[in-house]
Each structure stands twice: as C-alpha cells, then as structure tokens.
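Reviewing the structure listed below.
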Amino acid sequence: MKNFRMRASTLFLLLGLMLNSCGGGKVVCEPPPAAQQIPITATANIPTDVYLDATLSMQGFITDGSLSYYQQTMPMLERAVIRTGGQVSFFKFGTDIVELPGRSYGDAERKAFYGDGSINKKTLIEKVLDRANPDNLTIIVSDLFQERADINQLSEKIKNKFIATDRAVGVLAIRSHFNGKIFDVGSNNYSFAYSTGSEPATLRPFYLLALGRHGDIANYFNTLIGGEMAVFPEKHQLIFSQFLTENIVSWANAKITDTQGLNEVNGVLVRGQKGDVPYREFKIKSNAQTVKVTASLPFRKLSDVIEFDQLKPTAQTFTCGAANSDTYVPGESKSYTPNESLMGAVKISAVSGENSIDISLDVDQKRLDPKAICGYHIVLKPEGYTLPAWVNEWNMTGEQIEGWRSSPTSFEGGKTYNLAPFLQTLWETNRRVHDPKVADFYTYFRIG
C-alpha cells in the first residue's frame with residue numbers, strides 16, 4: 001500500500017508538470033522589462049552660451065534702412081533664453097573667441113562689429129566646439145562658410161564631445177536680406193559679391209547651430225519660431241538625437257483590429273500586471289489553419305526630426321518554461337530561454353502612418369514549440385532616412401562654385417556650400433551612435 005501511494009504521488013506530480021509545460025493554465029512567464037523611456041524635457045534655468053560669427057562674410061547681413069531678418073534675430077536670441085528661464089552669455093568668434101560683456105552683444109546689429117581686426121579674420125567654428133560646455137545649451141550663429149570648408153573636422157568634434165555623450169545637434173536655418181561680400185566660398189576660399197533680390201529664394205541663409213539636450217534645443221527653437229520669428233518667410237528647424245518619436249511605441253493603448261485562429265488572453269501566459277501593459281498574450285487554437293493578428297499602435301513622430309520611411313522589424317525569440325504558481329519565487333525562475341528556431345514562425349510587417357503604426361503578425365503554428373510559451377521581443381527601426389527637401393535646395397556644390405568663377409554675376413548666394421554633406425555626415429554619425437528605434441514590445445503565443 002505504501003509503494004502504491006508513492007507511485008500515485010509520483011504519477012500525479014508528473015501529470016501536473018506535463019499540464020504546466022503544455023499549457024495547463026498556470027502563469028509561467030515573468031513580465032518583460034519595459035522599454036527604456038527617456039523623457040524629452042527642457043532643463044530648468046539652463047545656462048545658454050551664444051557665439052556670434054563676427055567675420056566679414058556676416059557684415060552683409062547688416063542692411064541700411066529696414067532691419068534684415070538677421071538684425072531682427074539678434075535681440076530675439078536673448079529674449080528666447082529669458083522666456084525659457086535661463087541665463088545667457090554672449091561671445092563673438094572668428095580666429096579667436098572674445099566674451100561680450102553686459103549689453104555689448106547689441107553691437108552685432110551694426111557693421112563695425114564684423115571684421116574688426118585679426119580676431120575676426122577666419123571662421124574657425126572648431127574653436128567654439130573646443131570651448132563649449134556640453135552641460136549648457138550652446139548656440140552658434142554663423143553662415144557656416146568655414147575656413148577651408150573642413151566639415152569632417154567639425155563633424156568629428158561634434159561626435160566626440162556631444163553625440164557620444166547623448167547630446168543632440170540642432171539646426172535652425174533662416175534666410176535674410178544681404179548686401180555685401182561673401183568670403184571662404186568653397187575649398188579654395190573664393191569670394192563673391194552678393195545682394196538679395198525681392199524673391200525669398202534669393203535671401204541669404206544664416207544658421208543657429210545648437211548643441212545640447214534635445215529638449216533644451218527644441219524648447220529654444222520653438223520659443224523663437226512660435227514667437228517673433230513666426231513672420232520670417234524662410235526658416236526651418238531640424239534636430240538630430242536618439243529621439244524620433246515622443247515615446248517608444250509599445251502594445252500600451254494599442255487597438256487589436258483583427259484576429260484569426262487565436263484569442264487574446266490577459267494574465268494567462270505572463271504573470272499579471274495591472275493597467276494597460278506594454279505586451280500582449282495570445283492562445284492559438286490547436287486546429288487553426290490561419291493564425292494572424294493585426295493591430296494599430298499609437299504613434300507620434302516628432303515634428304523637427306529627420307524624415308524616415310517604412311519600418312524594419314527585428315525580433316529576439318525565446319521560450320518560457322513552466323513554473324508552479326505555488327512555489328514560484330520572482331528572480332529565481334529561469335523561464336526565459338533564447339530559441340532561434342522560432343525565428344521563422346512569425347512573419348512581422350509594420351506600416352507607419354501619421355498617428356499609428358499598423359502591425360501584422362502572421363503565425364505558422366507548426367513551427368512553434370507546442371510545449372512552451374513562445375515569446376517575441378520585437379523592435380521596429382526605420383529602414384531609411386532622408387534629409388528634408390530644403391537641405392538640398394539650399395546646398396551649394398563645388399561644381400557650381402567653379403562655374404560662378406567665370407560668371408560672378410550668376411552667383412547664387414541663397415545657398416550654403418556643402419550644407420547637405422555637412423548635415424548628412426552629422427546624421428550618419430548620430431545614427432551610428434544611437435541607432436534610434438521607433439517601437440519596442442513583447443508578444444507571447446501558446447498553442448491550445
């Protein structure tokens with residue numbers, strides 16, 4: 001009788017384990033780690049350092065009569081900092097850097113400020129980068145006609161000091177009236193006389209190159225654009241950082257639009273959590289021929305980031321082993337086991353719209369593990385990126401410059417030399433460092 005009881009107990013124990021491993025209703029998976037959500041916020045009372053390019057190429061922005069858009073911008077640079085609650089310091093740069101005490105930055109609205117002695121002979125933005133404090137918000141006001149047009153040096157310095165330390169790079173591009181001479185045009189440092197006409201496309205660009213945290217740059221730019229600068233006819237803003245969306249997209253607040261051959265469950269496959277969880281659980285009908293789920297995930301792209309096209313999904317696959325709910329101890333269970341054999345069992349597609357990402361998961365249940373919960377950690381990243389159209393429209397090439405050398409009157413001063421290569425290099429550097437993602441979520445399947 002004693003041996004019979006032992007054999008019966010052993011039989012019941014084995015049966016319980018089999019039921020658990022094949023889907024007997026026990027919760028067996030720990031909740032997955034939440035995708036890291038870094039808030040895009042502005043820093044309170046952020047110190048802001050404004051560096052004004054004081055070389056001769058900038059003098060033409062100072063026009064007689066009505067104030068040019070460049071002249072109107074000068075006092076706005078301080079007012080925007082005051083409105084965001086920070087403290088501002090002004091400097092002028094060329095070959096060297098000089099701090100502007102008190103209200104002396106106001107001299108930037110007059111021609112005498114530019115080309116004053118040897119200090120302003122060359123445009124050396126790299127010296128500003130060397131001096132800039134990554135903990136502050138740095139604003140560099142320049143036409144970006146750098147000495148010898150060395151964009152690679154600038155990009156490398158920006159990468160090492162800012163992008164690699166999770167700082168962002170912003171560009172606020174503005175066109176203004178201009179009447180004067182432009183120096184350092186192209187790699188041979190040519191010079192051209194230029195005067196703007198009545199058409200907006202003839203206005204000459206200048207730029208606010210911003211370095212700091214994404215939230216601080218966006219806050220500063222938005223304060224300018226949404227304020228007095230709103231009436232300027234030609235202006236664009238662009239920010240490169242680890243952020244493409246307001247939040248990393250997940251299953252939270254998602255809407256299931258269709259299911260075939262499966263049912264959504266809650267707290268059956270994953271140990272329960274309260275609220276709208278960022279993952280989903282599905283039980284597949286054992287006799288289903290077609291297994292598919294489609295859903296709409298809330299999505300909001302940031303307005304001032306690079307344009308991107310369709311999303312490319314990647315997945316890490318794993319299985320969850322059984323864990324008895326009576327003896328389960330969080331942290332001790334080793335329920336997540338990588339399982340690459342599941343990689344081809346689910347076909348993932350995603351299409352981004354204006355307010356949502358439509359995803360489709362087509363499941364081949366014959367390729368799933370019938371004795372385990374099969375999990376998918378899915379990440380969506382853009383497949384390609386494109387700079388906004390204005391970048392190429394405002395770009396000046398070396399071939400164009402050589403053509404203008406033989407016909408100076410045809411010089412198009414409404415463009416900036418190597419603007420597109422400079423911004424493309426900055427973006428590619430940012431992409432390699434951060435590899436931004438749009439969505440990050442977990443999905444669980446079990447047969448039966």
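Ligands are numbered from 1 in the order shown, chains are lettered A, B, ... in the order of the structure tokens, and residues start at 1 in each chain.
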For A:Gly344, list every protein, DNA or RNA residue within 9 Å, evaluated using only C-alpha atoms, and leave out those in the same chain fewer than 2 positions away; present the list as a VMD selection string. chain A and resid 340 to 342 346 to 347 363 to 364 367
Residue selection dump (N, CA and C atoms) as a PDB file, in the first residue's frame:
```pdb
ATOM      1  N   GLU A 340      16.317  30.391 -31.157  1.00  0.00           N
ATOM      2  CA  GLU A 340      16.373  30.915 -32.524  1.00  0.00           C
ATOM      3  C   GLU A 340      15.540  30.107 -33.507  1.00  0.00           C
ATOM      4  N   SER A 341      15.162  28.894 -33.145  1.00  0.00           N
ATOM      5  CA  SER A 341      14.356  28.073 -34.055  1.00  0.00           C
ATOM      6  C   SER A 341      12.971  28.665 -34.288  1.00  0.00           C
ATOM      7  N   LEU A 342      12.561  29.593 -33.424  1.00  0.00           N
ATOM      8  CA  LEU A 342      11.249  30.223 -33.567  1.00  0.00           C
ATOM      9  C   LEU A 342      11.269  31.399 -34.538  1.00  0.00           C
ATOM     10  N   VAL A 346       6.957  33.428 -37.111  1.00  0.00           N
ATOM     11  CA  VAL A 346       6.088  34.608 -37.145  1.00  0.00           C
ATOM     12  C   VAL A 346       6.621  35.603 -38.167  1.00  0.00           C
ATOM     13  N   LYS A 347       5.781  35.970 -39.121  1.00  0.00           N
ATOM     14  CA  LYS A 347       6.126  36.991 -40.112  1.00  0.00           C
ATOM     15  C   LYS A 347       5.580  38.331 -39.617  1.00  0.00           C
ATOM     16  N   VAL A 363       1.325  33.908 -38.100  1.00  0.00           N
ATOM     17  CA  VAL A 363       1.956  32.847 -37.319  1.00  0.00           C
ATOM     18  C   VAL A 363       1.824  31.500 -38.012  1.00  0.00           C
ATOM     19  N   ASP A 364       2.937  30.793 -38.147  1.00  0.00           N
ATOM     20  CA  ASP A 364       2.942  29.406 -38.604  1.00  0.00           C
ATOM     21  C   ASP A 364       3.074  28.532 -37.360  1.00  0.00           C
ATOM     22  N   ARG A 367       5.569  25.710 -36.609  1.00  0.00           N
ATOM     23  CA  ARG A 367       6.969  25.978 -36.318  1.00  0.00           C
ATOM     24  C   ARG A 367       7.168  26.489 -34.896  1.00  0.00           C
TER      25      ARG A 367
END
```
Which residues are near A:Phe282? Cut-off 7 Å, only C-alpha atoms, ignore same chain within fewer than 2 positions. Put them as a JSON list (two decimals) with N, CA, C and O atoms, in the first residue's frame.
```
[["chain", "number", "residue", "atom", "x", "y", "z"],
["A", 262, "LEU", "N", -6.78, 32.64, -33.19],
["A", 262, "LEU", "CA", -6.24, 32.80, -31.84],
["A", 262, "LEU", "C", -7.12, 33.74, -31.04],
["A", 262, "LEU", "O", -7.97, 34.45, -31.57],
["A", 263, "ASN", "N", -6.91, 33.75, -29.74],
["A", 263, "ASN", "CA", -7.64, 34.63, -28.83],
["A", 263, "ASN", "C", -6.65, 35.36, -27.94],
["A", 263, "ASN", "O", -5.64, 34.79, -27.50],
["A", 264, "GLU", "N", -6.95, 36.63, -27.69],
["A", 264, "GLU", "CA", -6.11, 37.37, -26.75],
["A", 264, "GLU", "C", -6.50, 36.99, -25.33],
["A", 264, "GLU", "O", -7.68, 36.85, -25.01],
["A", 265, "VAL", "N", -5.50, 36.79, -24.48],
["A", 265, "VAL", "CA", -5.74, 36.47, -23.08],
["A", 265, "VAL", "C", -4.99, 37.49, -22.23],
["A", 265, "VAL", "O", -4.12, 38.22, -22.72],
["A", 280, "ARG", "N", 1.47, 41.74, -25.17],
["A", 280, "ARG", "CA", 0.21, 41.05, -25.42],
["A", 280, "ARG", "C", 0.43, 39.54, -25.38],
["A", 280, "ARG", "O", 1.49, 39.04, -25.74],
["A", 284, "ILE", "N", -3.37, 30.19, -29.21],
["A", 284, "ILE", "CA", -3.66, 29.76, -30.57],
["A", 284, "ILE", "C", -4.55, 28.51, -30.55],
["A", 284, "ILE", "O", -4.29, 27.57, -29.80],
["A", 444, "TYR", "N", 3.54, 37.20, -26.85],
["A", 444, "TYR", "CA", 3.62, 35.82, -26.39],
["A", 444, "TYR", "C", 2.54, 34.97, -27.05],
["A", 444, "TYR", "O", 1.38, 35.40, -27.18],
["A", 445, "PHE", "N", 2.91, 33.74, -27.46],
["A", 445, "PHE", "CA", 1.98, 32.80, -28.07],
["A", 445, "PHE", "C", 2.06, 31.45, -27.36],
["A", 445, "PHE", "O", 3.14, 31.01, -26.94],
["A", 446, "ARG", "N", 0.91, 30.79, -27.25],
["A", 446, "ARG", "CA", 0.89, 29.40, -26.79],
["A", 446, "ARG", "C", -0.20, 28.67, -27.54],
["A", 446, "ARG", "O", -1.29, 29.20, -27.77]]
```
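Candidate residues A:Phe441, A:Glu383, A:Leu244, A:Ser356 were compared for distance to A:Glu281, and the nearest is A:Phe441, using only C-alpha atoms.
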Taken to one decimal, the atom CA of A:Lys285-atom CA of A:Val268 distance is 14.9 Å
Could you find all residues in stretch 214-402 of chain A that DSSP calls strand (DSSP E or B) from the backbone, and write them as a PyMOL selection string?
chain A and resi 235-240+245+249+255-260+262-265+270+279-284+291-298+301+307-308+311-320+336-338+346-352+356-363+373-382+385-386+395-396
_DSSP helix (DSSP H, G or I) selection over stretch 220-361 of chain A, as a VMD selection string_ = chain A and resid 220 to 225 228 to 231 340 to 345
**Study point:** Selection near A:Gln400, 10 Å with only C-alpha atoms, sequence-local residues under 5 positions removed, as a PyMOL selection string
**Key:** chain A and resi 186+405+411-412+417
Within 12 Å of A:Glu156, counting only C-alpha atoms, which residues show up once you throw out same-chain ones fewer than 3 positions away? Write them as a ChimeraX atom specification, please. /A:126,129-130,150-153,159-164,422,425-430
Any chance you can output those residues with N, CA and C atoms as a short mmCIF file (atom, residue, chain, number, x, y, z; two decimals), in the first residue's frame?
```cif
data_model
loop_
_atom_site.label_atom_id
_atom_site.label_comp_id
_atom_site.auth_asym_id
_atom_site.auth_seq_id
_atom_site.Cartn_x
_atom_site.Cartn_y
_atom_site.Cartn_z
N GLU A 126 35.55 75.30 -35.09
CA GLU A 126 36.10 74.26 -34.23
C GLU A 126 36.59 74.80 -32.89
N LEU A 129 33.65 74.81 -30.63
CA LEU A 129 33.35 73.46 -30.18
C LEU A 129 34.29 73.03 -29.06
N ASP A 130 35.56 73.41 -29.16
CA ASP A 130 36.52 73.08 -28.11
C ASP A 130 36.15 73.74 -26.79
N ASP A 150 36.15 72.72 -43.94
CA ASP A 150 36.51 71.42 -43.37
C ASP A 150 35.37 70.87 -42.52
N ILE A 151 34.37 70.28 -43.19
CA ILE A 151 33.21 69.76 -42.46
C ILE A 151 33.54 68.48 -41.70
N ASN A 152 34.53 67.72 -42.16
CA ASN A 152 34.87 66.48 -41.47
C ASN A 152 35.43 66.75 -40.08
N GLN A 153 36.24 67.80 -39.96
CA GLN A 153 36.78 68.15 -38.66
C GLN A 153 35.67 68.55 -37.70
N LYS A 159 30.80 64.83 -32.83
CA LYS A 159 30.55 63.44 -32.43
C LYS A 159 31.17 63.14 -31.08
N ASN A 160 32.44 63.43 -30.92
CA ASN A 160 33.16 63.05 -29.72
C ASN A 160 32.68 63.79 -28.48
N LYS A 161 32.35 65.06 -28.63
CA LYS A 161 32.03 65.87 -27.46
C LYS A 161 30.54 65.90 -27.14
N PHE A 162 29.70 65.73 -28.16
CA PHE A 162 28.27 65.90 -27.94
C PHE A 162 27.47 64.63 -28.24
N ILE A 163 27.52 64.13 -29.46
CA ILE A 163 26.68 62.99 -29.82
C ILE A 163 27.02 61.77 -28.97
N ALA A 164 28.31 61.52 -28.74
CA ALA A 164 28.72 60.35 -27.97
C ALA A 164 28.35 60.46 -26.50
N PHE A 422 27.40 68.23 -44.94
CA PHE A 422 27.64 68.50 -43.51
C PHE A 422 26.52 67.90 -42.67
N THR A 425 26.47 64.05 -42.87
CA THR A 425 27.53 63.46 -42.05
C THR A 425 27.16 63.48 -40.57
N LEU A 426 26.59 64.59 -40.11
CA LEU A 426 26.15 64.67 -38.72
C LEU A 426 25.08 63.63 -38.43
N TRP A 427 24.11 63.47 -39.36
CA TRP A 427 23.06 62.49 -39.13
C TRP A 427 23.61 61.08 -39.11
N GLU A 428 24.46 60.72 -40.06
CA GLU A 428 25.02 59.37 -40.11
C GLU A 428 25.83 59.08 -38.86
N THR A 429 26.54 60.07 -38.35
CA THR A 429 27.27 59.91 -37.10
C THR A 429 26.30 59.64 -35.96
N ASN A 430 25.23 60.44 -35.89
CA ASN A 430 24.22 60.25 -34.86
C ASN A 430 23.56 58.88 -34.97
#
```
I'd like the contact shell of stretch 207-217 of chain A - 7 Å cut-off, only C-alpha atoms, skipping same-chain residues fewer than 2 positions apart - returned as an mmCIF file with N, CA, C and O atoms, in the first residue's frame.
```cif
data_model
loop_
_atom_site.group_PDB
_atom_site.id
_atom_site.type_symbol
_atom_site.label_atom_id
_atom_site.label_comp_id
_atom_site.auth_asym_id
_atom_site.auth_seq_id
_atom_site.Cartn_x
_atom_site.Cartn_y
_atom_site.Cartn_z
ATOM 1 N N ILE A 40 11.589 63.576 -23.029
ATOM 2 C CA ILE A 40 12.151 64.721 -23.751
ATOM 3 C C ILE A 40 11.671 65.978 -23.033
ATOM 4 O O ILE A 40 10.578 66.475 -23.296
ATOM 5 N N THR A 41 12.466 66.455 -22.105
ATOM 6 C CA THR A 41 12.072 67.612 -21.315
ATOM 7 C C THR A 41 13.147 68.690 -21.395
ATOM 8 O O THR A 41 14.315 68.419 -21.650
ATOM 9 N N ALA A 42 12.728 69.921 -21.156
ATOM 10 C CA ALA A 42 13.657 71.047 -21.124
ATOM 11 C C ALA A 42 14.211 71.201 -19.715
ATOM 12 O O ALA A 42 13.489 71.017 -18.725
ATOM 13 N N THR A 43 15.486 71.531 -19.609
ATOM 14 C CA THR A 43 16.144 71.723 -18.326
ATOM 15 C C THR A 43 15.792 73.090 -17.764
ATOM 16 O O THR A 43 15.909 74.108 -18.465
ATOM 17 N N PRO A 134 29.251 70.936 -22.681
ATOM 18 C CA PRO A 134 28.139 70.040 -23.050
ATOM 19 C C PRO A 134 26.963 70.086 -22.082
ATOM 20 O O PRO A 134 25.862 69.660 -22.424
ATOM 21 N N ASP A 135 27.180 70.593 -20.859
ATOM 22 C CA ASP A 135 26.084 70.686 -19.895
ATOM 23 C C ASP A 135 25.236 71.929 -20.113
ATOM 24 O O ASP A 135 24.163 72.050 -19.530
ATOM 25 N N ASN A 136 25.710 72.858 -20.922
ATOM 26 C CA ASN A 136 24.948 74.057 -21.255
ATOM 27 C C ASN A 136 24.269 73.873 -22.607
ATOM 28 O O ASN A 136 24.488 72.881 -23.304
ATOM 29 N N LEU A 137 23.478 74.843 -22.979
ATOM 30 C CA LEU A 137 22.944 74.931 -24.337
ATOM 31 C C LEU A 137 23.839 75.889 -25.104
ATOM 32 O O LEU A 137 24.010 77.050 -24.699
ATOM 33 N N THR A 138 24.446 75.400 -26.186
ATOM 34 C CA THR A 138 25.353 76.217 -26.997
ATOM 35 C C THR A 138 24.682 76.569 -28.316
ATOM 36 O O THR A 138 24.184 75.681 -29.018
ATOM 37 N N ILE A 139 24.668 77.862 -28.644
ATOM 38 C CA ILE A 139 24.096 78.342 -29.900
ATOM 39 C C ILE A 139 25.202 79.045 -30.689
ATOM 40 O O ILE A 139 25.806 80.003 -30.194
ATOM 41 N N ILE A 140 25.467 78.555 -31.908
ATOM 42 C CA ILE A 140 26.476 79.155 -32.780
ATOM 43 C C ILE A 140 25.750 79.806 -33.949
ATOM 44 O O ILE A 140 25.065 79.121 -34.716
ATOM 45 N N VAL A 141 25.870 81.129 -34.079
ATOM 46 C CA VAL A 141 25.202 81.867 -35.153
ATOM 47 C C VAL A 141 26.231 82.137 -36.237
ATOM 48 O O VAL A 141 27.213 82.853 -36.016
ATOM 49 N N SER A 142 26.028 81.560 -37.418
ATOM 50 C CA SER A 142 27.031 81.648 -38.484
ATOM 51 C C SER A 142 26.398 81.369 -39.835
ATOM 52 O O SER A 142 25.304 80.792 -39.917
ATOM 53 N N ASP A 143 27.108 81.759 -40.906
ATOM 54 C CA ASP A 143 26.673 81.372 -42.247
ATOM 55 C C ASP A 143 27.221 80.006 -42.638
ATOM 56 O O ASP A 143 26.960 79.513 -43.734
ATOM 57 N N ARG A 167 24.158 63.983 -26.284
ATOM 58 C CA ARG A 167 23.687 65.321 -26.589
ATOM 59 C C ARG A 167 23.174 65.362 -28.023
ATOM 60 O O ARG A 167 23.520 64.521 -28.841
ATOM 61 N N ALA A 168 22.350 66.344 -28.311
ATOM 62 C CA ALA A 168 21.733 66.472 -29.630
ATOM 63 C C ALA A 168 22.383 67.610 -30.407
ATOM 64 O O ALA A 168 23.083 68.456 -29.848
ATOM 65 N N VAL A 169 22.128 67.613 -31.713
ATOM 66 C CA VAL A 169 22.597 68.666 -32.604
ATOM 67 C C VAL A 169 21.378 69.233 -33.322
ATOM 68 O O VAL A 169 20.622 68.493 -33.954
ATOM 69 N N GLY A 170 21.188 70.533 -33.214
ATOM 70 C CA GLY A 170 20.048 71.167 -33.866
ATOM 71 C C GLY A 170 20.483 72.233 -34.841
ATOM 72 O O GLY A 170 21.534 72.859 -34.664
ATOM 73 N N VAL A 171 19.691 72.439 -35.885
ATOM 74 C CA VAL A 171 19.954 73.493 -36.873
ATOM 75 C C VAL A 171 18.665 74.268 -37.098
ATOM 76 O O VAL A 171 17.639 73.681 -37.453
ATOM 77 N N LEU A 172 18.719 75.562 -36.857
ATOM 78 C CA LEU A 172 17.629 76.453 -37.240
ATOM 79 C C LEU A 172 18.152 77.299 -38.391
ATOM 80 O O LEU A 172 19.051 78.126 -38.225
ATOM 81 N N ALA A 173 17.626 77.035 -39.583
ATOM 82 C CA ALA A 173 18.098 77.681 -40.806
ATOM 83 C C ALA A 173 17.157 78.826 -41.166
ATOM 84 O O ALA A 173 15.934 78.644 -41.232
ATOM 85 N N ILE A 174 17.735 80.013 -41.400
ATOM 86 C CA ILE A 174 16.947 81.220 -41.659
ATOM 87 C C ILE A 174 17.547 81.949 -42.853
ATOM 88 O O ILE A 174 18.768 82.079 -42.955
ATOM 89 N N PRO A 205 21.180 82.522 -46.500
ATOM 90 C CA PRO A 205 20.977 81.774 -45.252
ATOM 91 C C PRO A 205 22.008 82.108 -44.181
ATOM 92 O O PRO A 205 23.177 82.343 -44.464
ATOM 93 N N ASN A 219 13.025 73.340 -27.126
ATOM 94 C CA ASN A 219 12.364 74.410 -26.388
ATOM 95 C C ASN A 219 12.831 75.784 -26.867
ATOM 96 O O ASN A 219 12.023 76.701 -27.058
ATOM 97 N N TYR A 220 14.129 75.921 -27.102
ATOM 98 C CA TYR A 220 14.683 77.195 -27.560
ATOM 99 C C TYR A 220 14.206 77.521 -28.973
ATOM 100 O O TYR A 220 13.743 78.630 -29.252
ATOM 101 N N PHE A 221 14.322 76.542 -29.867
ATOM 102 C CA PHE A 221 13.865 76.761 -31.242
ATOM 103 C C PHE A 221 12.379 77.098 -31.294
ATOM 104 O O PHE A 221 11.958 78.012 -32.019
ATOM 105 N N SER A 241 19.179 63.424 -32.834
ATOM 106 C CA SER A 241 19.411 62.872 -31.496
ATOM 107 C C SER A 241 18.986 61.413 -31.500
ATOM 108 O O SER A 241 18.737 60.825 -32.545
#
```
Could you name the residues that touch A:Gln59 at 12 Å or less, counting only C-alpha atoms, but leaving out those on the same chain fewer than 2 positions away, as a ChimeraX atom specification?
/A:52-57,61-64,68,70-71,107-116,120,142-143,177-183,193-194,206
Keeping N, CA and C atoms for every residue in the selection just given, could you write it to a file as a short mmCIF file (atom, residue, chain, number, x, y, z; two decimals), in the first residue's frame?
```cif
data_model
loop_
_atom_site.label_atom_id
_atom_site.label_comp_id
_atom_site.auth_asym_id
_atom_site.auth_seq_id
_atom_site.Cartn_x
_atom_site.Cartn_y
_atom_site.Cartn_z
N LEU A 52 28.57 84.39 -31.67
CA LEU A 52 28.24 85.11 -32.89
C LEU A 52 29.44 85.14 -33.83
N ASP A 53 29.26 84.67 -35.04
CA ASP A 53 30.28 84.73 -36.07
C ASP A 53 30.48 86.20 -36.45
N ALA A 54 31.69 86.73 -36.17
CA ALA A 54 31.95 88.15 -36.39
C ALA A 54 32.90 88.39 -37.56
N THR A 55 32.94 87.43 -38.51
CA THR A 55 33.83 87.60 -39.66
C THR A 55 33.16 88.47 -40.73
N LEU A 56 33.97 88.89 -41.71
CA LEU A 56 33.49 89.83 -42.72
C LEU A 56 32.32 89.29 -43.55
N SER A 57 32.23 87.96 -43.71
CA SER A 57 31.14 87.38 -44.50
C SER A 57 29.77 87.69 -43.90
N PHE A 61 24.84 91.05 -43.81
CA PHE A 61 23.50 90.90 -43.22
C PHE A 61 23.03 92.19 -42.57
N ILE A 62 23.95 93.13 -42.34
CA ILE A 62 23.57 94.41 -41.74
C ILE A 62 23.21 95.36 -42.87
N THR A 63 21.94 95.57 -43.05
CA THR A 63 21.45 96.35 -44.19
C THR A 63 21.02 97.74 -43.74
N ASP A 64 21.05 98.67 -44.67
CA ASP A 64 20.61 100.04 -44.41
C ASP A 64 19.10 100.11 -44.54
N SER A 68 17.22 93.83 -41.48
CA SER A 68 17.17 92.50 -42.10
C SER A 68 16.66 91.49 -41.07
N TYR A 70 18.21 88.95 -40.17
CA TYR A 70 19.35 88.67 -39.31
C TYR A 70 19.43 89.69 -38.17
N GLN A 71 19.31 90.97 -38.48
CA GLN A 71 19.36 92.01 -37.45
C GLN A 71 18.21 91.85 -36.46
N ASP A 107 25.93 95.24 -30.35
CA ASP A 107 26.72 95.79 -31.46
C ASP A 107 26.65 94.89 -32.69
N ALA A 108 26.18 93.65 -32.53
CA ALA A 108 26.08 92.73 -33.66
C ALA A 108 25.07 93.21 -34.69
N GLU A 109 24.27 94.22 -34.35
CA GLU A 109 23.32 94.79 -35.30
C GLU A 109 23.94 95.89 -36.14
N ARG A 110 25.27 96.13 -35.94
CA ARG A 110 25.95 97.19 -36.68
C ARG A 110 27.17 96.64 -37.41
N LYS A 111 27.52 97.27 -38.52
CA LYS A 111 28.58 96.75 -39.39
C LYS A 111 29.94 96.73 -38.73
N ALA A 112 30.20 97.67 -37.82
CA ALA A 112 31.51 97.76 -37.19
C ALA A 112 31.86 96.53 -36.36
N PHE A 113 30.86 95.72 -36.03
CA PHE A 113 31.06 94.52 -35.21
C PHE A 113 31.83 93.45 -35.98
N TYR A 114 31.79 93.50 -37.31
CA TYR A 114 32.29 92.41 -38.14
C TYR A 114 33.62 92.79 -38.80
N GLY A 115 34.55 91.84 -38.79
CA GLY A 115 35.84 92.05 -39.43
C GLY A 115 36.70 93.06 -38.71
N ASP A 116 36.53 93.19 -37.40
CA ASP A 116 37.25 94.17 -36.61
C ASP A 116 38.60 93.61 -36.17
N ASN A 120 38.85 88.47 -36.12
CA ASN A 120 37.72 88.02 -36.92
C ASN A 120 38.10 87.65 -38.35
N SER A 142 26.03 81.56 -37.42
CA SER A 142 27.03 81.65 -38.48
C SER A 142 26.40 81.37 -39.84
N ASP A 143 27.11 81.76 -40.91
CA ASP A 143 26.67 81.37 -42.25
C ASP A 143 27.22 80.01 -42.64
N HIS A 177 17.85 89.16 -45.70
CA HIS A 177 18.36 90.15 -46.65
C HIS A 177 19.88 90.24 -46.48
N PHE A 178 20.58 90.54 -47.58
CA PHE A 178 22.04 90.59 -47.54
C PHE A 178 22.53 91.50 -48.67
N ASN A 179 23.58 92.28 -48.35
CA ASN A 179 24.21 93.12 -49.36
C ASN A 179 25.68 93.31 -48.97
N GLY A 180 26.55 92.53 -49.61
CA GLY A 180 27.96 92.61 -49.24
C GLY A 180 28.78 91.54 -49.94
N LYS A 181 29.90 91.20 -49.32
CA LYS A 181 30.82 90.23 -49.90
C LYS A 181 30.83 88.97 -49.04
N ILE A 182 30.87 87.83 -49.71
CA ILE A 182 30.91 86.54 -49.02
C ILE A 182 32.29 85.94 -49.22
N PHE A 183 32.93 85.57 -48.11
CA PHE A 183 34.29 85.02 -48.16
C PHE A 183 34.26 83.51 -47.85
N ALA A 193 30.73 88.94 -54.44
CA ALA A 193 29.80 90.00 -54.03
C ALA A 193 28.38 89.49 -54.25
N TYR A 194 27.49 89.83 -53.31
CA TYR A 194 26.11 89.33 -53.46
C TYR A 194 25.13 90.30 -52.82
N PHE A 206 21.53 82.13 -42.94
CA PHE A 206 22.40 82.01 -41.78
C PHE A 206 21.78 80.96 -40.87
#
```
> If you count only C-alpha atoms, which residues fall within 10 Å of A:Pro436, apart from same-chain ones fewer than 4 positions away, as JSON, numbers by chain?
Replying inline: {"A": [241, 242, 243, 244, 245, 248, 380, 381, 382, 430, 431, 432]}
Residues as selected, C-alpha atoms, written as a PDB file, in the first residue's frame, can you do that?
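The resulting file, selection29.pdb, is reproduced below:
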```pdb
ATOM      1  CA  SER A 241      19.411  62.872 -31.496  1.00  0.00           C
ATOM      2  CA  GLN A 242      18.397  59.455 -30.185  1.00  0.00           C
ATOM      3  CA  PHE A 243      14.729  60.505 -30.452  1.00  0.00           C
ATOM      4  CA  LEU A 244      12.430  60.109 -33.451  1.00  0.00           C
ATOM      5  CA  THR A 245       9.101  59.836 -31.606  1.00  0.00           C
ATOM      6  CA  ILE A 248       8.882  54.444 -27.789  1.00  0.00           C
ATOM      7  CA  LEU A 380      10.976  48.491 -35.164  1.00  0.00           C
ATOM      8  CA  LYS A 381      13.555  50.816 -36.707  1.00  0.00           C
ATOM      9  CA  PRO A 382      13.352  52.931 -39.874  1.00  0.00           C
ATOM     10  CA  ASN A 430      24.222  60.253 -34.859  1.00  0.00           C
ATOM     11  CA  ARG A 431      22.611  57.144 -36.389  1.00  0.00           C
ATOM     12  CA  ARG A 432      25.711  55.015 -35.854  1.00  0.00           C
TER      13      ARG A 432
END
```
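Checking A:Trp251, A:Asp309, A:Phe145, A:Asn188 one by one against A:Asn395, counting only C-alpha atoms, you find the shortest gap at A:Phe145.
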Here atom CA of A:Pro33 and atom CA of A:Lys437 stand apart by 16.2 Å
Between A:Phe299, A:Tyr442, A:Trp394, A:Phe318, smallest distance to A:Val379 by only C-alpha atoms belongs to A:Tyr442
Using only C-alpha atoms, the residue out of A:Ala80, A:Leu269, A:Ile348, A:Ile447 with shortest distance to A:Leu368 is A:Ile447
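Here the question is which of A:Lys366, A:Ser187, A:Glu354, A:Glu234 gets nearest to A:Glu399 using only C-alpha atoms, and that residue is A:Ser187.
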